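What follows is a short report on a single structure.
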Amino acid sequence: MPARIIWLLVTVALIAGAFGATALFVGGDRRVLLIGATTDAHHQLEMSCETCHGTTAFADAVAAEQAVNKACRNCHEDELDDADDSHPRREFRNPRMAVYWEKLDARLCTTCHIEHRPEITLAGAVTLPLDFCSACHSEGDQDVRAHRPSHAAATFDTCASAGCHNFHDNRALYEDFLVKHADEPWLAASPIHGLSALGRGQGAPAEVALTRDDAVAPANALAAPGILDDWSGSGHAAADVNCGGCHATGGDGNTGTVEANWIETPSLAVCEDCHRPQTRTLALGRHGMRQHPKIAQPRDPRRGLSSLGLEGLVPDAVADWLSDPVLPLRMTVAEARLPMKPDAVHRSLHCGSCHAPHSADTRHAAVEACSSCHDDPHTRAYFESAHYELWRNELAGTAPPGAGVSCATCHMTKTEQRGRVVTSHNQNDSLRPNERMIRPVCLDCHSLQFSLDALADVPLIEANFTDRPKIHVESIDWAVSRTRDQAVTDG
Amino acid sequence: MLTFTEEMLLLLGDEQGTFLPVRQYALECALAGAVLLDLAFAYRIDTDLESLVVTDPNPTGISFLDRVLAKVVARKDTADTQAWIRSLSEDDVEAIREAALTALVTKGVLAKREDRFLRLLRSVRYPTIDHGVVERIKKRLADVLSDEIPDARDVALLSLVDACDILPDLFPDRELQEERHRIAQLRRMDLIGREVAGTIAEIQRTIIQAARAEAARFGKLRLVLSGVAVGAVVATLVAPRVPIPDSFGPSILRNLWFDGTWQEWSGYVLLGLSLLGLSIAVTVKKRLVVRVARSHPWRLTHFVLGVSCLVALFAHTGFRFGANLNALLMGCYLVVVFSGALSEVALRVASGVQLVGLGTPGKRRRALIRLHVVALCPLPALLVVHILTAYSF
């Protein structure tokens with residue numbers, strides 16, 4: 001083969017390689033350099049490598065690993081604290097725990113969770129073999145098989161089986177809790193989700209509620225059909241939020257000021273300004289994680305050029321062309337890895353995706369908004385479930401508030417803060433692992449045993465609990481038995 | 001008048017001054033045999049079944065023939081023709097080749113052109129400038145293949161050419177399969193009484209034997225290595241991956257495939273083996289080192305390195321393609337290994353198989369070698385970006 005052809009091919013390849021190197025060190029889309037598929041949710045951040053990789057190129061490997069671990073904690077540390085983490089990092093940083101560092105270094109998230117390794121990534125983004133508990137719990141004082149007869153025949157790959165143990169969050173799985181909730185009937189006598197019921201009942205005092213006549217807006221806006229009706233029946237009107245509250249912020253609310261400052265389409269910042277807990281929690285879940293404050297900004301290509309000694313040698317237009325792609329602030333439905341409806345793929349996720357801005361109808365956001373995009377078996381089966389039947393009854397007034405179970409009941413957990421019910425907009429808060437749903441949701445109506453069984457039954461979850469569980473999790477039996485044996489031993 | 005050695009080199013060369021892809025062992029044995037034939041036709045040596053003896057120690061006046069004649073004269077013990085061919089093909093054939101090429105340049109048949117391979121490494125080409133000489137040699141061979149009464153010298157040349165298996169390249173339009181009987185008949189001709197007292201037949205027979213011995217010595221091993229490489233690449237594409245150990249604890253495979261330090265080591269070992277294999281191939285192909293006439297061990301080393309690369313690749317990747325750029329890199333690498341290995345398999349196993357539309361075994365091999373080289377071209381860039389990426393995150 002003629003040398004000139006070889007030269008040509010090598011040169012073309014080197015030019016392409018130079019583009020790759022430029023993307024690495026200056027700017028540009030680096031997704032082509034990804035060594036493996038990113039885990040679900042994190043895939044939304046693929047364009048923003050620096051969010052996780054906080055060190056510069058050729059940094060010391062230890063420093064690079066520490067930077068990645070810091071990035072993990074940036075987003076996940078609060079939820080681990082909330083989960084009363086069973087293996088907290090601070091505990092393992094104690095030098096007394098040094099003996100365990102060699103076995104399984106629990107100080108580092110990356111010991112168990114390595115990104116871009118789809119071939120070894122298990123549920124929960126765990127990249128260790130399932131029997132990793134054996135690292136510390138198979139010998140000495142920590143040998144569970146020696147100290148718990150019920151576990152003598154158990155293998156370590158079953159520790160994390162649904163309903164038994166989680167590495168981090170065991171709030172619904174610790175022994176005292178299991179014993180306390182043994183022997184409960186599978187369904188409560190009056191199954192009501194307490195916080196949902198409380199939330200339905202709360203609202204602004206009736207005397208501050210605005211009516212149609214109170215609306216202050218330009219005449220053409222007031223004339224728009226249906227808007228006044230929606231607004232006057234909404235939570236906004238009930239809470240004394242007039243049109244200017246969103247469309248003309250900063251003014252005194254008088255007609256002249258409102259008309260002067262009127263914005264036809266307010267930005268989402270207006271929503272976020274008042275609904276801060278919702279905004280904060282939205283950024284913790286998959287729907288809004290791109291708005292998390294710790295997401296890295298695109299690199300400045302001029303800085304990269306400067307570090308290579310090329311500052312001023314590259315025209316501005318070229319430097320601009322080398323810029324990183326901007327991470328879209330909102331996730332689009334098309335980027336989802338769960339099955340979605342084809343007609344929804346063009347949508348992006350923001351407040352208005354679920355909440356109609358004028359009606360502010362949370363009932364729509366609780367079910368229809370979800371099903372307008374999600375198209376998986378679990379979602380489709382919901383409409384055949386007893387949960388949905390109860391939801392319809394509640395909406396129809398034939399069931400009490402809190403009796404219905406919507407998508408939001410399970411997936412957008414509620415907390416009571418200073419007497420008010422606040423809905424977390426982190427849709428993952430009650431998942432990953434799904435036993436996290438037990439305490440804030442399931443136990444209000446069902447027994448712990450029933451909840452554990454149901455959440456361990458994957459086909460039943462897919463069928464959206466349209467049947468009784470066919471799996472029996474033995475953790476309560478074992479805990480009760482052990483407690484009974486200890487009582488006998490203690491005399 | 002040209003010597004056998006010169007005529008053989010002319011027939012092996014092409015217009016660009018590179019040589020037809022002849023099996024190296026055949027070329028070396030044919031050149032060694034050509035020198036002995038030249039000496040026999042010059043009545044300097046005689047042979048029988050057990051020995052090759054000098055009948056006239058006086059120089060022929062042709063430097064490279066006289067060097068070989070002096071060597072034969074100087075040898076105290078008796079050796080048969082096969083031993084001499086093996087000896088000359090191992091130790092002298094490169095010098096013979098260079099001297100014969102220089103003689104052809106001096107006679108104005110060839111020109112000498114020095115090039116820089118990839119502008120870095122020096123290589124020498126000998127393009128033909130007097131095409132009439134070559135055409136006349138070819139015509140003589142064509143005449144021998146026809147039913148005319150052959151000249152003993154032309155029969156000898158035909159035997160050498162046939163030993164190198166270049167008749168299909170010299171006469172692409174002829175149905176040589178149909179002329180096989182004639183060629184075999186010519187090679188069996190009893191020339192002893194009429195021409196050179198048995199030397200030619202013995203040398204012809206010995207060339208074939210020596211070539212086959214060389215082929216047996218290195219060819220089987222190369223074929224086995226090629227088969228292993230082809231099998232490994234096919235397995236990478238179609239076989240299930242080697243499972244990743246799914247129990248906690250020390251695991252070499254997990255370390256190999258997922259531990260950064262182990263990956264770094266296996267990666268650099270793979271890079272080193274690849275560069276070594278590449279440099280050997282370039283060295284042999286372009287004759288960049290003066291003494292690489294004994295190319296069999298070098299070629300075998302190239303094949304051993306190829307298979308070693310596959311072992312290192314398995315250690316580095318577990319034969320998993322990865323994603324994006326890594327997948328492209330892996331794909332290119334496998335194409336390089338597969339095409340190189342398959343070219344050897346195609347030459348040896350499928351040389352007798354006529355595949356419709358895929359040309360002769362020689363053409364198939366050349367096409368695979370071309371693919372081998374083309375797939376190599378993007379590797380430097382891909383490797384650089386791969387390594388930079390590894391150190392950037």
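Residue numbers start at 1 in each chain; chains themselves are named A, B, ... in the order of the structure tokens; ligands are numbered from 1 in the order shown.
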Could you please tell me, as a CSV table (one decimal) with all heavy atoms, in the first residue's frame, which residues of chain A have an atom within 6 Å of chain B when using only C-alpha atoms?
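Listed below is the output, selection_23.csv:
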```
chain,number,residue,atom,x,y,z
A,3,ALA,N,2.7,4.7,0.7
A,3,ALA,CA,2.9,5.4,1.9
A,3,ALA,C,2.0,6.6,2.0
A,3,ALA,O,1.6,7.0,3.1
A,3,ALA,CB,4.4,5.8,2.1
A,9,LEU,N,-4.4,8.5,5.9
A,9,LEU,CA,-5.3,7.9,6.9
A,9,LEU,C,-4.9,8.3,8.3
A,9,LEU,O,-5.7,8.6,9.1
A,9,LEU,CB,-5.3,6.4,6.7
A,9,LEU,CG,-6.0,5.9,5.4
A,9,LEU,CD1,-5.8,4.4,5.2
A,9,LEU,CD2,-7.5,6.2,5.4
A,10,VAL,N,-3.6,8.2,8.5
A,10,VAL,CA,-3.0,8.5,9.8
A,10,VAL,C,-3.3,10.0,10.2
A,10,VAL,O,-3.7,10.3,11.3
A,10,VAL,CB,-1.5,8.2,9.9
A,10,VAL,CG1,-1.0,8.7,11.2
A,10,VAL,CG2,-1.3,6.7,9.8
A,13,ALA,N,-6.9,10.5,11.0
A,13,ALA,CA,-7.2,10.0,12.3
A,13,ALA,C,-6.6,11.0,13.4
A,13,ALA,O,-7.3,11.2,14.4
A,13,ALA,CB,-6.6,8.6,12.5
A,14,LEU,N,-5.5,11.5,13.1
A,14,LEU,CA,-4.8,12.4,14.1
A,14,LEU,C,-5.6,13.7,14.3
A,14,LEU,O,-5.8,14.2,15.3
A,14,LEU,CB,-3.4,12.7,13.7
A,14,LEU,CG,-2.4,11.5,14.0
A,14,LEU,CD1,-1.0,11.8,13.5
A,14,LEU,CD2,-2.3,11.2,15.5
A,17,GLY,N,-8.4,12.9,16.3
A,17,GLY,CA,-7.9,12.7,17.7
A,17,GLY,C,-7.7,14.1,18.3
A,17,GLY,O,-7.9,14.2,19.5
A,32,VAL,N,-18.7,11.6,23.7
A,32,VAL,CA,-18.1,10.5,22.9
A,32,VAL,C,-17.0,9.8,23.6
A,32,VAL,O,-16.6,8.7,23.2
A,32,VAL,CB,-17.7,11.1,21.5
A,32,VAL,CG1,-16.4,11.9,21.7
A,32,VAL,CG2,-17.4,10.0,20.5
A,33,LEU,N,-16.4,10.4,24.6
A,33,LEU,CA,-15.3,9.9,25.4
A,33,LEU,C,-15.8,9.0,26.6
A,33,LEU,O,-14.9,8.4,27.3
A,33,LEU,CB,-14.4,11.0,25.9
A,33,LEU,CG,-13.8,11.9,24.8
A,33,LEU,CD1,-13.0,13.0,25.4
A,33,LEU,CD2,-13.0,11.1,23.8
A,35,ILE,N,-16.6,6.2,28.9
A,35,ILE,CA,-16.1,4.8,28.8
A,35,ILE,C,-17.2,3.8,28.9
A,35,ILE,O,-17.0,2.6,28.6
A,35,ILE,CB,-15.0,4.5,29.8
A,35,ILE,CG1,-15.5,4.7,31.2
A,35,ILE,CG2,-13.8,5.5,29.6
A,35,ILE,CD1,-14.6,4.2,32.3
A,36,GLY,N,-18.4,4.2,29.4
A,36,GLY,CA,-19.5,3.3,29.6
A,36,GLY,C,-20.7,4.1,29.9
A,36,GLY,O,-20.7,5.2,30.3
A,57,ALA,N,-6.9,17.5,34.8
A,57,ALA,CA,-6.3,16.3,34.1
A,57,ALA,C,-4.9,16.0,34.7
A,57,ALA,O,-4.2,16.9,35.2
A,57,ALA,CB,-6.1,16.6,32.6
A,58,PHE,N,-4.6,14.8,34.8
A,58,PHE,CA,-3.4,14.2,35.3
A,58,PHE,C,-3.2,14.5,36.8
A,58,PHE,O,-2.1,14.5,37.3
A,58,PHE,CB,-2.2,14.8,34.5
A,58,PHE,CG,-2.2,14.5,33.0
A,58,PHE,CD1,-2.6,15.5,32.1
A,58,PHE,CD2,-2.0,13.3,32.6
A,58,PHE,CE1,-2.7,15.2,30.8
A,58,PHE,CE2,-2.0,13.0,31.2
A,58,PHE,CZ,-2.4,14.0,30.3
A,129,PRO,N,-20.0,-7.1,44.2
A,129,PRO,CA,-20.8,-8.3,44.3
A,129,PRO,C,-21.8,-8.2,45.4
A,129,PRO,O,-21.5,-7.6,46.5
A,129,PRO,CB,-19.8,-9.4,44.5
A,129,PRO,CG,-18.5,-8.9,43.9
A,129,PRO,CD,-18.5,-7.4,44.2
A,131,ASP,N,-22.7,-10.0,47.8
A,131,ASP,CA,-22.3,-10.5,49.1
A,131,ASP,C,-21.2,-9.7,49.8
A,131,ASP,O,-20.5,-10.2,50.6
A,131,ASP,CB,-21.9,-12.0,49.0
A,131,ASP,CG,-20.6,-12.1,48.1
A,131,ASP,OD1,-20.4,-11.2,47.3
A,131,ASP,OD2,-20.0,-13.1,48.1
A,132,PHE,N,-21.2,-8.4,49.4
A,132,PHE,CA,-20.1,-7.6,50.0
A,132,PHE,C,-20.2,-7.4,51.5
A,132,PHE,O,-19.2,-7.1,52.2
A,132,PHE,CB,-20.1,-6.2,49.3
A,132,PHE,CG,-21.3,-5.3,49.6
A,132,PHE,CD1,-21.4,-4.5,50.7
A,132,PHE,CD2,-22.4,-5.3,48.7
A,132,PHE,CE1,-22.5,-3.8,50.9
A,132,PHE,CE2,-23.5,-4.6,48.9
A,132,PHE,CZ,-23.6,-3.8,50.0
```
Among segment 208-373 of chain A, which ones does DSSP assign to helix (DSSP H, G or I) (computed from the backbone)? Answer as a PyMOL selection string.
chain A and resi 208+212-214+219-223+227-232+235-238+243-247+255-260+268-274+276-282+289-291+301-307+316-321+333-335+342-344+351-354+362-366+368-371
May I have the residues from that selection written out with C-alpha atoms, as a PDB file, in the first residue's frame?
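Output (again22.pdb):
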```pdb
ATOM      1  CA  VAL A 208     -57.773  36.518  52.862  1.00  0.00           C
ATOM      2  CA  ARG A 212     -62.792  37.271  40.598  1.00  0.00           C
ATOM      3  CA  ASP A 213     -63.531  40.885  41.390  1.00  0.00           C
ATOM      4  CA  ASP A 214     -60.225  41.285  43.214  1.00  0.00           C
ATOM      5  CA  ALA A 219     -57.790  44.375  30.575  1.00  0.00           C
ATOM      6  CA  ASN A 220     -56.717  42.011  27.812  1.00  0.00           C
ATOM      7  CA  ALA A 221     -55.399  39.529  30.371  1.00  0.00           C
ATOM      8  CA  LEU A 222     -58.600  39.672  32.352  1.00  0.00           C
ATOM      9  CA  ALA A 223     -60.551  39.071  29.164  1.00  0.00           C
ATOM     10  CA  ILE A 227     -58.239  32.185  33.299  1.00  0.00           C
ATOM     11  CA  LEU A 228     -60.148  34.172  35.892  1.00  0.00           C
ATOM     12  CA  ASP A 229     -62.315  31.165  36.724  1.00  0.00           C
ATOM     13  CA  ASP A 230     -59.259  28.961  37.163  1.00  0.00           C
ATOM     14  CA  TRP A 231     -57.404  31.507  39.257  1.00  0.00           C
ATOM     15  CA  SER A 232     -60.333  32.388  41.524  1.00  0.00           C
ATOM     16  CA  GLY A 235     -54.807  27.996  45.958  1.00  0.00           C
ATOM     17  CA  HIS A 236     -53.187  31.169  44.730  1.00  0.00           C
ATOM     18  CA  ALA A 237     -56.411  33.168  45.066  1.00  0.00           C
ATOM     19  CA  ALA A 238     -57.135  31.473  48.361  1.00  0.00           C
ATOM     20  CA  CYS A 243     -52.225  38.320  39.264  1.00  0.00           C
ATOM     21  CA  GLY A 244     -49.336  40.683  39.908  1.00  0.00           C
ATOM     22  CA  GLY A 245     -47.827  38.241  42.357  1.00  0.00           C
ATOM     23  CA  CYS A 246     -46.584  36.275  39.378  1.00  0.00           C
ATOM     24  CA  HIS A 247     -46.945  38.581  36.364  1.00  0.00           C
ATOM     25  CA  THR A 255     -53.401  48.564  38.808  1.00  0.00           C
ATOM     26  CA  GLY A 256     -50.995  51.082  37.304  1.00  0.00           C
ATOM     27  CA  THR A 257     -47.928  49.371  38.666  1.00  0.00           C
ATOM     28  CA  VAL A 258     -49.150  45.953  37.654  1.00  0.00           C
ATOM     29  CA  GLU A 259     -49.881  47.126  34.109  1.00  0.00           C
ATOM     30  CA  ALA A 260     -46.506  48.827  33.915  1.00  0.00           C
ATOM     31  CA  LEU A 268     -39.990  29.825  36.679  1.00  0.00           C
ATOM     32  CA  ALA A 269     -37.958  31.886  39.110  1.00  0.00           C
ATOM     33  CA  VAL A 270     -41.255  33.475  40.107  1.00  0.00           C
ATOM     34  CA  CYS A 271     -42.600  30.071  41.190  1.00  0.00           C
ATOM     35  CA  GLU A 272     -39.360  29.207  42.907  1.00  0.00           C
ATOM     36  CA  ASP A 273     -39.322  32.469  44.817  1.00  0.00           C
ATOM     37  CA  CYS A 274     -42.353  31.412  46.874  1.00  0.00           C
ATOM     38  CA  ARG A 276     -38.672  27.209  47.948  1.00  0.00           C
ATOM     39  CA  PRO A 277     -38.977  23.817  49.707  1.00  0.00           C
ATOM     40  CA  GLN A 278     -40.570  22.392  46.596  1.00  0.00           C
ATOM     41  CA  THR A 279     -37.860  23.872  44.381  1.00  0.00           C
ATOM     42  CA  ARG A 280     -35.114  22.617  46.666  1.00  0.00           C
ATOM     43  CA  THR A 281     -36.495  19.078  46.792  1.00  0.00           C
ATOM     44  CA  LEU A 282     -37.248  19.022  43.053  1.00  0.00           C
ATOM     45  CA  MET A 289     -31.640  17.433  39.299  1.00  0.00           C
ATOM     46  CA  ARG A 290     -30.158  19.672  36.623  1.00  0.00           C
ATOM     47  CA  GLN A 291     -31.171  22.606  38.784  1.00  0.00           C
ATOM     48  CA  PRO A 301     -12.526  27.488  26.678  1.00  0.00           C
ATOM     49  CA  ARG A 302     -10.209  30.475  27.065  1.00  0.00           C
ATOM     50  CA  ARG A 303      -9.103  29.135  30.413  1.00  0.00           C
ATOM     51  CA  GLY A 304      -8.282  25.798  28.812  1.00  0.00           C
ATOM     52  CA  LEU A 305      -6.395  27.520  26.009  1.00  0.00           C
ATOM     53  CA  SER A 306      -4.519  29.569  28.565  1.00  0.00           C
ATOM     54  CA  SER A 307      -3.468  26.464  30.479  1.00  0.00           C
ATOM     55  CA  ASP A 316     -12.416  34.456  19.724  1.00  0.00           C
ATOM     56  CA  ALA A 317     -14.799  32.895  17.247  1.00  0.00           C
ATOM     57  CA  VAL A 318     -12.880  29.608  17.427  1.00  0.00           C
ATOM     58  CA  ALA A 319     -12.701  29.796  21.212  1.00  0.00           C
ATOM     59  CA  ASP A 320     -16.457  30.321  21.346  1.00  0.00           C
ATOM     60  CA  TRP A 321     -16.945  27.415  18.973  1.00  0.00           C
ATOM     61  CA  VAL A 333     -39.058  13.545  28.634  1.00  0.00           C
ATOM     62  CA  ALA A 334     -37.074  12.258  25.676  1.00  0.00           C
ATOM     63  CA  GLU A 335     -34.061  11.819  27.959  1.00  0.00           C
ATOM     64  CA  PRO A 342     -44.440   9.098  22.477  1.00  0.00           C
ATOM     65  CA  ASP A 343     -46.478  12.273  22.405  1.00  0.00           C
ATOM     66  CA  ALA A 344     -44.761  13.539  25.543  1.00  0.00           C
ATOM     67  CA  CYS A 351     -43.291  23.580  37.537  1.00  0.00           C
ATOM     68  CA  GLY A 352     -45.835  24.103  34.789  1.00  0.00           C
ATOM     69  CA  SER A 353     -45.355  20.580  33.468  1.00  0.00           C
ATOM     70  CA  CYS A 354     -47.447  19.259  36.343  1.00  0.00           C
ATOM     71  CA  THR A 362     -52.690  19.630  42.895  1.00  0.00           C
ATOM     72  CA  ARG A 363     -55.156  16.832  42.116  1.00  0.00           C
ATOM     73  CA  HIS A 364     -54.138  17.018  38.461  1.00  0.00           C
ATOM     74  CA  ALA A 365     -50.473  17.084  39.469  1.00  0.00           C
ATOM     75  CA  ALA A 366     -50.998  14.052  41.705  1.00  0.00           C
ATOM     76  CA  GLU A 368     -52.880  12.914  35.492  1.00  0.00           C
ATOM     77  CA  ALA A 369     -49.677  14.899  35.211  1.00  0.00           C
ATOM     78  CA  CYS A 370     -47.670  11.740  35.909  1.00  0.00           C
ATOM     79  CA  SER A 371     -49.598   9.513  33.561  1.00  0.00           C
TER      80      SER A 371
END
```
What parts of segment 24-172 of chain B does DSSP call strand (DSSP E or B)? I'd like the answer as a ChimeraX atom specification.
/B:45-47,52-54,110,113-117,121-125,128
Pick from A:Gly194, A:Ser86, A:Thr265, A:Tyr100 nearest to His358 of chain A, counting only C-alpha atoms:
A:Thr265
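Compared by their closest atoms to Lys76 of chain B, and using only C-alpha atoms, the residues B:Ile45, B:Val282, B:Leu273, B:Leu52 rank with B:Leu52 nearest.
The interatomic distance for the pair atom CA of Asp173 of chain B and atom CA of Met1 of chain B works out to 28.0 Å.
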